[in-house]
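Report on one structure; see the data block that follows.
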Amino acid sequence: MSDATSAMGATNAIISYLVGNRIIDEKTAENIQIAASQDGSSLGSALIDSGYFSKDDLLILLLGFYKSGTITLDDITTEFAIQSEVFLKFFASESGFEYIDLDAIDIDSKLCKKASLGQLKKYEALPVKEDDINIFVAVKDPSNMTTREGLQRLFNRKIVKIVISDPTLIEKYLNKIELSESINGIINEIRREISTSAADNPQESSGVLKLIEAILKTSILSRASDIHIEPTEKNCLVRSRIDGMLAETFMFEKDIYPPLSSRIKLLSSMDIAEKRKPQDGRFSAKIIGKEYDFRISALPTLFGESIVIRILDKSKIMIKMENLGMHPVNYEKFSKAMRSPYGIILVTGPTGSGKSTTLYAALNAIKSVESKIITVEDPVEYQLNLVQQVHVNEKANLTFASALRSILRQDPDIIMIGEIRDQETLRIAVQAALTGHLVFSTLHTNDAVSAVTRAIDMGIEPYLISGALVAIEAQRLVRKLCPNCKTKINLPKSMHERIKSFIPDDHTFYKAVGCEKCSQTGYLGREMISEILPISERISSMIAQGTTKEELKKQAYAEGFIDLFKDGIIRAAKGITSIDEVLRVAKS
């Protein structure tokens with residue numbers, strides 16, 4: 001049964017019950033349903049607005065249906081607009097159980113080994129904590145007496161205390177235990193090595209190498225961009241950043257962490273004895289028949305070093321400009337700016353918003369035998385043909401500013417500065433732009449217009465900035481809806497009113513649902529939304545005069561400026577992403 005059919009069944013079940021028990025008549029029921037569909041609101045909101053129910057009355061009604069299995073937690077959150085946490089806490093208080101948010105606690109992985117995974121999956125149960133007398137177990141169906149009796153036999157040395165948790169989280173953690181158990185052989189091999197001399201000499205530890213390969217392979221197959229290996233008080237967690245959001249992939253016992261972290265540091269040419277200072281490194285490996293580069297950062301934390309591995313896939317960075325996904329108007333503006341003989345083009349946005357990808361795509365589009373292109377980066381992530389790339393080295397006093405001064409003596413046509421961090425670097429970049437060089441760089445600002453004020457705040461005179469700037473691009477990455485499970489929705493009336501000026505005539509909005517293909521997230525892949533501010537003569541004159549940010553924005557809109565939020569709404573109206581995702585990454 002599809003989610004849409006399930007939701008329809010839940011709605012009909014509630015309406016039938018209310019009419020059958022003469023709480024409301026058929027005409028009232030019809031009016032409530034019409035009101036809900038017209039406003040794009042939930043049935044729960046319509047029932048409360050009609051005055052027949054308070055929120056507590058509605059929760060009691062839904063609890064009865066939930067316990068009987070007539071409706072699901074997903075029905076309650078989607079059709080009745082009640083947060084799952086609110087409903088589950090109410091369920092727990094009414095049933096005399098404790099509520100535990102599984103994502104908010106450090107689950108002891110040793111507890112899960114007190115029973116076989118097959119038994120835990122049979123009872124759909126997850127042991128979460130224990131004390132001297134009790135063991136606390138989260139179960140999907142707390143009212144099932146057979147489950148409770150079975151669990152008590154399973155953990156017969158202690159009293160089983162049932163706790164309420166989100167069923168999807170119980171399933172998620174059981175799946176993680178299953179994934180961890182699938183590499184049990186490797187874990188046992190590492191433990192055998194820990195008790196031998198191999199632990200003192202990580203070069204000889206083959207089990208740890210197999211574990212690293214398994215972690216890298218799992219993360220790459222999941223389309224992850226970063227891998228986070230984090231020691232906690234009781235465990236070692238491995239999380240992957242997929243489509244910009246972190247997801248837990250492995251959970252090991254704490255004894256696995258020291259040999260794992262030592263081996264990664266050894267691979268990355270770091271000092272394995274140094275655990276008090278941050279370190280950086282990199283290594284390459286062939287995974288699933290493809291060569292990948294990995295950039296490593298180790299940071300000392302309370303329970304050990306947090307290790308983050310950035311996955312660098314050369315095929316992903318070599319994207320053509322036309323494939324970046326810019327709005328056609330923005331693409332035309334950016335392409336025109338790239339053809340300028342001199343000046344500064346700034347790409348702005350937070351960390352992880354795809355700025356480097358855009359810069360590499362731009363350099364790929366304009367590189368040629370006739371042009372000398374030099375970049376200064378920290379670090380050089382990808383190598384480009386026909387481009388001279390300089391790696392910043394603070395220890396050797398090769399900073400962005402000192403590298404730039406030397407680069408200008410190399411007779412370049414085009415310069416790319418990985419990031420403008422200080423006034424000195426910005427001043428040299430401005431001087432380079434004013435003396436006939438085309439300069440590309442990034443700046444950390446929230447939108448395009450803010451880059452102008454940021455440059456002035458960094459101490460550069462407004463008249464110099466106005467003469468040097470060619471265009472400013474700001475960007476974000478939004479997650480794309482999974483095409484296999486996205487569901488059409490009607491926007492709430494308040495939301496529709498708020499964005500109606502941006503919505504194209506032909507539009508359909510969808511929401512994220514979740515299926516096997518998208519790992520229950522509802523999203524698959526990411527796409528760029530952007531805004532581009534070409535520096536026209538009028539805007540250049542306003543910058544030189546020290547005009548406020550608000551006035552600059554007003555002029556930009558008068559010249560056809562499409563901001564991040566509008567670009568995002570257009571993507572949502574085409575069914576590419578969801579309204580929630582646009583609101584998450586872009587301010588209206």
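Labels for the structure tokens follow display order: chains A, B, ..., residues from 1 in each chain, ligands from 1.
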
Please identify all polymer residues within 10 Å of range 162-164 of chain A, counting only C-alpha atoms, omitting same-chain residues fewer than 4 positions from it, and present them as a ChimeraX atom specification. /A:88-89,91-93,95-102,125-128,135-143,148,151,170

Members of range 329-490 of chain A assigned helix (DSSP H, G or I) by DSSP, as a VMD selection string: chain A and resid 329 to 338 355 to 366 394 to 396 400 to 410 423 to 434 448 to 457 462 to 468

So that I can check the surroundings of Thr249 in chain A, please list as a ChimeraX atom specification every protein, DNA and RNA residue that reaches within 10 Å of it, counting only C-alpha atoms and ignoring chain neighbours fewer than 2 positions away. /A:172-173,175-177,179-180,215,218-219,222,227-228,237-241,246-247,251

Just-selected residues, N, CA, C and O atoms written as a compact mmCIF listing (two decimals), in the first residue's frame:
# COMPACT_ATOMS: atom_id res chain seq x y z
N LYS A 172 16.36 1.83 12.38
CA LYS A 172 17.63 2.38 11.88
C LYS A 172 18.81 1.81 12.66
O LYS A 172 19.81 1.38 12.08
N TYR A 173 18.69 1.79 14.00
CA TYR A 173 19.80 1.30 14.82
C TYR A 173 19.98 -0.21 14.70
O TYR A 173 21.11 -0.71 14.74
N ASN A 175 19.45 -1.86 11.96
CA ASN A 175 20.14 -2.00 10.67
C ASN A 175 21.63 -1.70 10.80
O ASN A 175 22.46 -2.32 10.15
N LYS A 176 21.96 -0.71 11.67
CA LYS A 176 23.37 -0.37 11.88
C LYS A 176 24.10 -1.51 12.58
O LYS A 176 25.26 -1.80 12.27
N ILE A 177 23.40 -2.15 13.54
CA ILE A 177 24.01 -3.29 14.23
C ILE A 177 24.26 -4.42 13.23
O ILE A 177 25.31 -5.06 13.25
N LEU A 179 24.79 -4.06 10.03
CA LEU A 179 25.92 -3.65 9.18
C LEU A 179 27.24 -3.88 9.90
O LEU A 179 28.21 -4.37 9.33
N SER A 180 27.26 -3.52 11.20
CA SER A 180 28.48 -3.72 12.00
C SER A 180 28.79 -5.20 12.15
O SER A 180 29.96 -5.60 12.12
N ILE A 215 34.96 0.80 5.44
CA ILE A 215 34.35 2.10 5.76
C ILE A 215 34.34 2.99 4.51
O ILE A 215 33.32 3.61 4.18
N THR A 218 31.79 1.55 1.86
CA THR A 218 30.40 1.80 2.26
C THR A 218 30.02 3.26 2.05
O THR A 218 28.94 3.57 1.54
N SER A 219 30.91 4.17 2.43
CA SER A 219 30.63 5.61 2.31
C SER A 219 30.57 6.06 0.86
O SER A 219 29.70 6.84 0.48
N SER A 222 27.45 5.02 -0.74
CA SER A 222 26.32 5.82 -0.22
C SER A 222 26.35 7.26 -0.73
O SER A 222 25.55 8.08 -0.30
N ILE A 227 33.64 11.53 5.72
CA ILE A 227 33.47 10.45 6.71
C ILE A 227 33.98 10.99 8.05
O ILE A 227 35.09 11.51 8.14
N HIS A 228 33.16 10.87 9.10
CA HIS A 228 33.52 11.34 10.43
C HIS A 228 33.72 10.14 11.35
O HIS A 228 32.78 9.38 11.57
N LEU A 237 32.05 5.93 16.77
CA LEU A 237 31.01 6.13 15.76
C LEU A 237 31.64 6.50 14.42
O LEU A 237 32.60 7.26 14.37
N VAL A 238 31.05 5.98 13.35
CA VAL A 238 31.44 6.38 12.00
C VAL A 238 30.20 6.97 11.33
O VAL A 238 29.18 6.30 11.22
N ARG A 239 30.29 8.24 10.96
CA ARG A 239 29.16 8.90 10.30
C ARG A 239 29.59 9.40 8.93
O ARG A 239 30.74 9.79 8.73
N SER A 240 28.67 9.38 7.99
CA SER A 240 28.95 9.86 6.62
C SER A 240 28.05 11.03 6.29
O SER A 240 26.87 11.03 6.65
N ARG A 241 28.61 12.02 5.60
CA ARG A 241 27.79 13.16 5.17
C ARG A 241 27.28 12.87 3.77
O ARG A 241 28.04 12.87 2.81
N LEU A 246 24.48 14.49 7.88
CA LEU A 246 25.22 13.38 8.47
C LEU A 246 24.30 12.20 8.79
O LEU A 246 23.19 12.37 9.26
N ALA A 247 24.79 11.00 8.52
CA ALA A 247 24.05 9.77 8.83
C ALA A 247 25.04 8.76 9.42
O ALA A 247 26.15 8.60 8.90
N MET A 251 28.90 1.57 14.17
CA MET A 251 29.10 1.85 15.60
C MET A 251 29.93 0.68 16.16
O MET A 251 29.46 -0.46 16.17

Ala432 in chain A environment, 12 Å, only C-alpha atoms, sequence neighbours closer than 6 positions dropped, as a short mmCIF file (atom, residue, chain, number, x, y, z; two decimals) with all heavy atoms, in the first residue's frame:
data_model
loop_
_atom_site.label_atom_id
_atom_site.label_comp_id
_atom_site.auth_asym_id
_atom_site.auth_seq_id
_atom_site.Cartn_x
_atom_site.Cartn_y
_atom_site.Cartn_z
N TYR A 342 39.34 41.71 -17.42
CA TYR A 342 39.96 41.90 -16.11
C TYR A 342 38.86 42.15 -15.07
O TYR A 342 37.70 42.39 -15.41
CB TYR A 342 40.96 43.07 -16.12
CG TYR A 342 40.35 44.39 -16.54
CD1 TYR A 342 39.72 45.22 -15.61
CD2 TYR A 342 40.38 44.80 -17.88
CE1 TYR A 342 39.14 46.42 -16.01
CE2 TYR A 342 39.81 45.99 -18.28
CZ TYR A 342 39.18 46.80 -17.34
OH TYR A 342 38.60 47.98 -17.73
N GLY A 343 39.25 42.14 -13.80
CA GLY A 343 38.30 42.36 -12.72
C GLY A 343 38.22 41.16 -11.78
O GLY A 343 38.87 40.14 -11.99
N ILE A 344 37.40 41.29 -10.72
CA ILE A 344 37.24 40.21 -9.73
C ILE A 344 35.85 39.59 -9.86
O ILE A 344 34.83 40.31 -9.89
CB ILE A 344 37.42 40.74 -8.29
CG1 ILE A 344 38.84 41.23 -8.06
CG2 ILE A 344 37.10 39.63 -7.27
CD1 ILE A 344 39.08 41.78 -6.66
N ALA A 401 48.74 35.71 0.61
CA ALA A 401 49.27 37.03 0.23
C ALA A 401 50.66 36.93 -0.39
O ALA A 401 50.94 37.52 -1.44
CB ALA A 401 49.29 37.95 1.45
N LEU A 404 50.50 35.30 -3.80
CA LEU A 404 49.93 36.21 -4.80
C LEU A 404 50.96 37.20 -5.33
O LEU A 404 50.99 37.51 -6.52
CB LEU A 404 48.74 36.96 -4.18
CG LEU A 404 47.36 36.36 -4.39
CD1 LEU A 404 46.32 37.16 -3.64
CD2 LEU A 404 47.00 36.31 -5.87
N ARG A 405 51.80 37.72 -4.40
CA ARG A 405 52.83 38.69 -4.84
C ARG A 405 53.78 38.04 -5.84
O ARG A 405 54.16 38.67 -6.84
CB ARG A 405 53.59 39.21 -3.61
CG ARG A 405 52.86 40.32 -2.88
CD ARG A 405 53.76 41.00 -1.86
NE ARG A 405 54.03 40.12 -0.73
CZ ARG A 405 53.30 40.07 0.37
NH1 ARG A 405 52.24 40.86 0.49
NH2 ARG A 405 53.61 39.26 1.36
N SER A 406 54.12 36.77 -5.59
CA SER A 406 55.02 36.06 -6.51
C SER A 406 54.31 35.72 -7.82
O SER A 406 54.90 35.79 -8.90
CB SER A 406 55.53 34.78 -5.86
OG SER A 406 56.27 35.08 -4.70
N ILE A 407 53.03 35.35 -7.71
CA ILE A 407 52.24 34.99 -8.90
C ILE A 407 52.17 36.16 -9.88
O ILE A 407 52.25 35.96 -11.10
CB ILE A 407 50.84 34.51 -8.48
CG1 ILE A 407 50.91 33.08 -7.91
CG2 ILE A 407 49.85 34.56 -9.65
CD1 ILE A 407 49.64 32.63 -7.21
N LEU A 408 52.04 37.37 -9.37
CA LEU A 408 51.93 38.54 -10.25
C LEU A 408 53.20 38.77 -11.05
O LEU A 408 53.18 39.43 -12.09
CB LEU A 408 51.58 39.78 -9.41
CG LEU A 408 50.14 39.81 -8.86
CD1 LEU A 408 49.95 40.98 -7.91
CD2 LEU A 408 49.13 39.89 -10.01
N ARG A 409 54.33 38.22 -10.55
CA ARG A 409 55.59 38.34 -11.30
C ARG A 409 55.73 37.22 -12.33
O ARG A 409 56.72 37.16 -13.06
CB ARG A 409 56.77 38.33 -10.33
CG ARG A 409 56.85 39.58 -9.46
CD ARG A 409 58.18 39.68 -8.74
NE ARG A 409 58.30 38.75 -7.63
CZ ARG A 409 57.89 38.99 -6.38
NH1 ARG A 409 57.33 40.16 -6.09
NH2 ARG A 409 58.05 38.09 -5.44
N ASP A 411 53.58 36.74 -14.79
CA ASP A 411 52.87 37.18 -15.99
C ASP A 411 51.60 36.35 -16.26
O ASP A 411 51.41 35.81 -17.34
CB ASP A 411 53.80 37.12 -17.20
CG ASP A 411 53.15 37.70 -18.46
OD1 ASP A 411 52.32 38.63 -18.32
OD2 ASP A 411 53.43 37.20 -19.57
N PRO A 412 50.68 36.26 -15.26
CA PRO A 412 49.46 35.48 -15.48
C PRO A 412 48.39 36.31 -16.20
O PRO A 412 48.41 37.55 -16.16
CB PRO A 412 49.01 35.14 -14.07
CG PRO A 412 49.45 36.32 -13.27
CD PRO A 412 50.73 36.82 -13.91
N ASP A 413 47.46 35.63 -16.84
CA ASP A 413 46.27 36.30 -17.40
C ASP A 413 45.10 36.16 -16.42
O ASP A 413 44.31 37.09 -16.25
CB ASP A 413 45.89 35.67 -18.75
CG ASP A 413 47.00 35.83 -19.77
OD1 ASP A 413 47.27 37.00 -20.13
OD2 ASP A 413 47.58 34.82 -20.20
N ILE A 414 45.00 34.97 -15.84
CA ILE A 414 43.88 34.66 -14.93
C ILE A 414 44.45 34.10 -13.63
O ILE A 414 45.34 33.25 -13.65
CB ILE A 414 42.91 33.65 -15.58
CG1 ILE A 414 42.31 34.23 -16.86
CG2 ILE A 414 41.80 33.25 -14.61
CD1 ILE A 414 41.71 33.19 -17.79
N ILE A 415 43.91 34.58 -12.51
CA ILE A 415 44.36 34.12 -11.19
C ILE A 415 43.14 33.59 -10.43
O ILE A 415 42.07 34.21 -10.45
CB ILE A 415 45.01 35.26 -10.38
CG1 ILE A 415 46.20 35.85 -11.13
CG2 ILE A 415 45.42 34.79 -8.99
CD1 ILE A 415 46.70 37.17 -10.56
N MET A 416 43.31 32.45 -9.77
CA MET A 416 42.24 31.96 -8.89
C MET A 416 42.79 31.86 -7.47
O MET A 416 43.80 31.19 -7.22
CB MET A 416 41.73 30.59 -9.36
CG MET A 416 40.42 30.18 -8.67
SD MET A 416 40.66 29.22 -7.17
CE MET A 416 40.69 27.56 -7.81
N ILE A 417 42.14 32.56 -6.55
CA ILE A 417 42.54 32.54 -5.14
C ILE A 417 41.51 31.68 -4.40
O ILE A 417 40.31 31.98 -4.40
CB ILE A 417 42.55 33.97 -4.54
CG1 ILE A 417 43.40 34.90 -5.40
CG2 ILE A 417 43.05 33.95 -3.10
CD1 ILE A 417 43.20 36.38 -5.09
N THR A 425 45.37 39.98 1.47
CA THR A 425 45.05 39.16 0.28
C THR A 425 44.05 39.89 -0.61
O THR A 425 44.20 39.93 -1.84
CB THR A 425 44.47 37.79 0.71
OG1 THR A 425 45.37 37.17 1.62
CG2 THR A 425 44.26 36.88 -0.50
N LEU A 426 43.02 40.49 0.01
CA LEU A 426 42.00 41.21 -0.76
C LEU A 426 42.61 42.41 -1.48
O LEU A 426 42.29 42.67 -2.65
CB LEU A 426 40.86 41.65 0.16
CG LEU A 426 39.72 42.43 -0.48
CD1 LEU A 426 39.09 41.66 -1.64
CD2 LEU A 426 38.65 42.80 0.55
N LEU A 438 42.24 38.92 -14.64
CA LEU A 438 40.92 38.40 -14.26
C LEU A 438 41.13 37.52 -13.03
O LEU A 438 41.89 36.55 -13.08
CB LEU A 438 40.29 37.60 -15.40
CG LEU A 438 38.87 37.05 -15.14
CD1 LEU A 438 37.88 38.19 -14.86
CD2 LEU A 438 38.39 36.23 -16.34
N VAL A 439 40.48 37.88 -11.93
CA VAL A 439 40.69 37.19 -10.65
C VAL A 439 39.40 36.49 -10.22
O VAL A 439 38.33 37.10 -10.15
CB VAL A 439 41.14 38.18 -9.55
CG1 VAL A 439 41.35 37.45 -8.22
CG2 VAL A 439 42.40 38.92 -9.97
N PHE A 440 39.50 35.20 -9.93
CA PHE A 440 38.38 34.44 -9.35
C PHE A 440 38.72 34.15 -7.89
O PHE A 440 39.87 33.80 -7.58
CB PHE A 440 38.20 33.09 -10.06
CG PHE A 440 37.66 33.19 -11.46
CD1 PHE A 440 38.51 33.38 -12.54
CD2 PHE A 440 36.29 33.07 -11.71
CE1 PHE A 440 38.03 33.46 -13.84
CE2 PHE A 440 35.80 33.16 -13.00
CZ PHE A 440 36.66 33.35 -14.06
N LEU A 464 37.89 51.62 -4.80
CA LEU A 464 38.71 50.56 -5.37
C LEU A 464 37.87 49.30 -5.66
O LEU A 464 38.00 48.66 -6.70
CB LEU A 464 39.87 50.19 -4.43
CG LEU A 464 41.00 51.21 -4.29
CD1 LEU A 464 42.01 50.74 -3.25
CD2 LEU A 464 41.70 51.44 -5.63
N ILE A 465 36.97 48.99 -4.71
CA ILE A 465 36.10 47.82 -4.87
C ILE A 465 35.17 48.01 -6.07
O ILE A 465 34.98 47.10 -6.88
CB ILE A 465 35.28 47.58 -3.58
CG1 ILE A 465 36.20 47.17 -2.44
CG2 ILE A 465 34.20 46.51 -3.79
CD1 ILE A 465 35.59 47.21 -1.08
N GLY A 467 35.64 49.67 -8.71
CA GLY A 467 36.36 49.57 -9.98
C GLY A 467 36.83 48.16 -10.30
O GLY A 467 37.01 47.79 -11.46
N ALA A 468 37.02 47.33 -9.25
CA ALA A 468 37.59 45.99 -9.44
C ALA A 468 36.53 44.91 -9.67
O ALA A 468 36.74 43.97 -10.45
CB ALA A 468 38.44 45.61 -8.23
N LEU A 469 35.37 45.02 -9.00
CA LEU A 469 34.37 43.95 -9.06
C LEU A 469 33.68 43.86 -10.42
O LEU A 469 33.29 44.87 -11.01
CB LEU A 469 33.29 44.15 -7.99
CG LEU A 469 33.63 43.69 -6.56
CD1 LEU A 469 32.50 44.05 -5.62
CD2 LEU A 469 33.89 42.18 -6.50
#

Could you give me, as a short mmCIF file (atom, residue, chain, number, x, y, z; two decimals) with N, CA and C atoms, in the first residue's frame, the residues within 8 Å of Lys355 in chain A, counting only C-alpha atoms and dropping anything in the same chain fewer than 6 positions from it?
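And here's selection_28.cif as it stands now:
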data_model
loop_
_atom_site.label_atom_id
_atom_site.label_comp_id
_atom_site.auth_asym_id
_atom_site.auth_seq_id
_atom_site.Cartn_x
_atom_site.Cartn_y
_atom_site.Cartn_z
N VAL A 347 32.81 34.20 -5.72
CA VAL A 347 31.83 33.14 -5.49
C VAL A 347 31.68 33.02 -3.97
N THR A 348 30.48 33.21 -3.46
CA THR A 348 30.28 33.23 -2.00
C THR A 348 29.31 32.14 -1.56
N GLY A 349 29.37 31.85 -0.27
CA GLY A 349 28.49 30.83 0.30
C GLY A 349 29.18 30.15 1.46
N THR A 442 36.84 33.17 -3.63
CA THR A 442 35.65 32.90 -2.78
C THR A 442 35.71 33.77 -1.54
N GLN A 475 25.78 31.00 -3.66
CA GLN A 475 25.14 29.72 -3.96
C GLN A 475 24.93 28.86 -2.72
#

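Residue nearest Lys217 in chain A within the list A:Lys114, A:Lys290, A:Lys275, A:Lys265: A:Lys290 [criterion: smallest interatomic distance, only C-alpha atoms].
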
If you run DSSP over the backbone, which residues in range 136-350 of chain A end up strand (DSSP E or B)? Put them as a count of residues only. 71

10 Å contact set for Tyr331 in chain A, only C-alpha atoms, chain neighbours under 6 positions out, as a PDB file with N, CA, C and O atoms, in the first residue's frame:
ATOM      1  N   MET A 321      30.254  24.037 -17.082  1.00  0.00           N
ATOM      2  CA  MET A 321      29.475  25.173 -16.577  1.00  0.00           C
ATOM      3  C   MET A 321      27.990  24.995 -16.812  1.00  0.00           C
ATOM      4  O   MET A 321      27.160  25.249 -15.944  1.00  0.00           O
ATOM      5  N   GLU A 322      27.640  24.512 -18.014  1.00  0.00           N
ATOM      6  CA  GLU A 322      26.216  24.373 -18.348  1.00  0.00           C
ATOM      7  C   GLU A 322      25.516  23.266 -17.549  1.00  0.00           C
ATOM      8  O   GLU A 322      24.298  23.201 -17.500  1.00  0.00           O
ATOM      9  N   LEU A 324      26.072  22.826 -14.241  1.00  0.00           N
ATOM     10  CA  LEU A 324      26.029  23.190 -12.823  1.00  0.00           C
ATOM     11  C   LEU A 324      24.598  23.331 -12.309  1.00  0.00           C
ATOM     12  O   LEU A 324      24.350  23.245 -11.116  1.00  0.00           O
ATOM     13  N   GLY A 325      23.664  23.573 -13.213  1.00  0.00           N
ATOM     14  CA  GLY A 325      22.258  23.697 -12.807  1.00  0.00           C
ATOM     15  C   GLY A 325      21.838  25.118 -12.475  1.00  0.00           C
ATOM     16  O   GLY A 325      20.874  25.324 -11.741  1.00  0.00           O
ATOM     17  N   ALA A 337      30.244  37.492 -17.352  1.00  0.00           N
ATOM     18  CA  ALA A 337      31.276  37.986 -16.430  1.00  0.00           C
ATOM     19  C   ALA A 337      32.607  37.278 -16.669  1.00  0.00           C
ATOM     20  O   ALA A 337      33.682  37.890 -16.617  1.00  0.00           O
ATOM     21  N   SER A 530      21.302  29.509  -6.938  1.00  0.00           N
ATOM     22  CA  SER A 530      22.279  30.597  -6.942  1.00  0.00           C
ATOM     23  C   SER A 530      21.620  31.954  -7.180  1.00  0.00           C
ATOM     24  O   SER A 530      20.463  32.041  -7.592  1.00  0.00           O
ATOM     25  N   GLU A 531      22.383  32.991  -6.890  1.00  0.00           N
ATOM     26  CA  GLU A 531      22.015  34.362  -7.263  1.00  0.00           C
ATOM     27  C   GLU A 531      23.278  35.037  -7.781  1.00  0.00           C
ATOM     28  O   GLU A 531      24.373  34.791  -7.276  1.00  0.00           O
ATOM     29  N   ILE A 532      23.135  35.838  -8.828  1.00  0.00           N
ATOM     30  CA  ILE A 532      24.303  36.498  -9.430  1.00  0.00           C
ATOM     31  C   ILE A 532      24.044  37.993  -9.544  1.00  0.00           C
ATOM     32  O   ILE A 532      23.015  38.426 -10.074  1.00  0.00           O
TER      33      ILE A 532
END

Shell of 8 Å around range 577-588 of chain A, only C-alpha atoms, local chain residues under 3 positions omitted, as a PyMOL selection string: chain A and resi 476-481+509-512+564-565+568-569+571-572+574

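In this model, the gap between CA of Ser466 in chain A and CA of Ala544 in chain A comes to 5.5 Å.
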
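Closest approach to Asp243 in chain A among A:Ser225, A:Ser536, A:Thr547, A:Ser262 is made by A:Ser225 (distances from only C-alpha atoms).
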
Between A:Ser441, A:Ser84, A:Ser109, A:Thr487, which residue has the minimum interatomic distance to Lys234 in chain A, considering only C-alpha atoms? A:Ser109

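Between CA of Arg157 in chain A and CA of Ile133 in chain A the separation is 8.6 Å.
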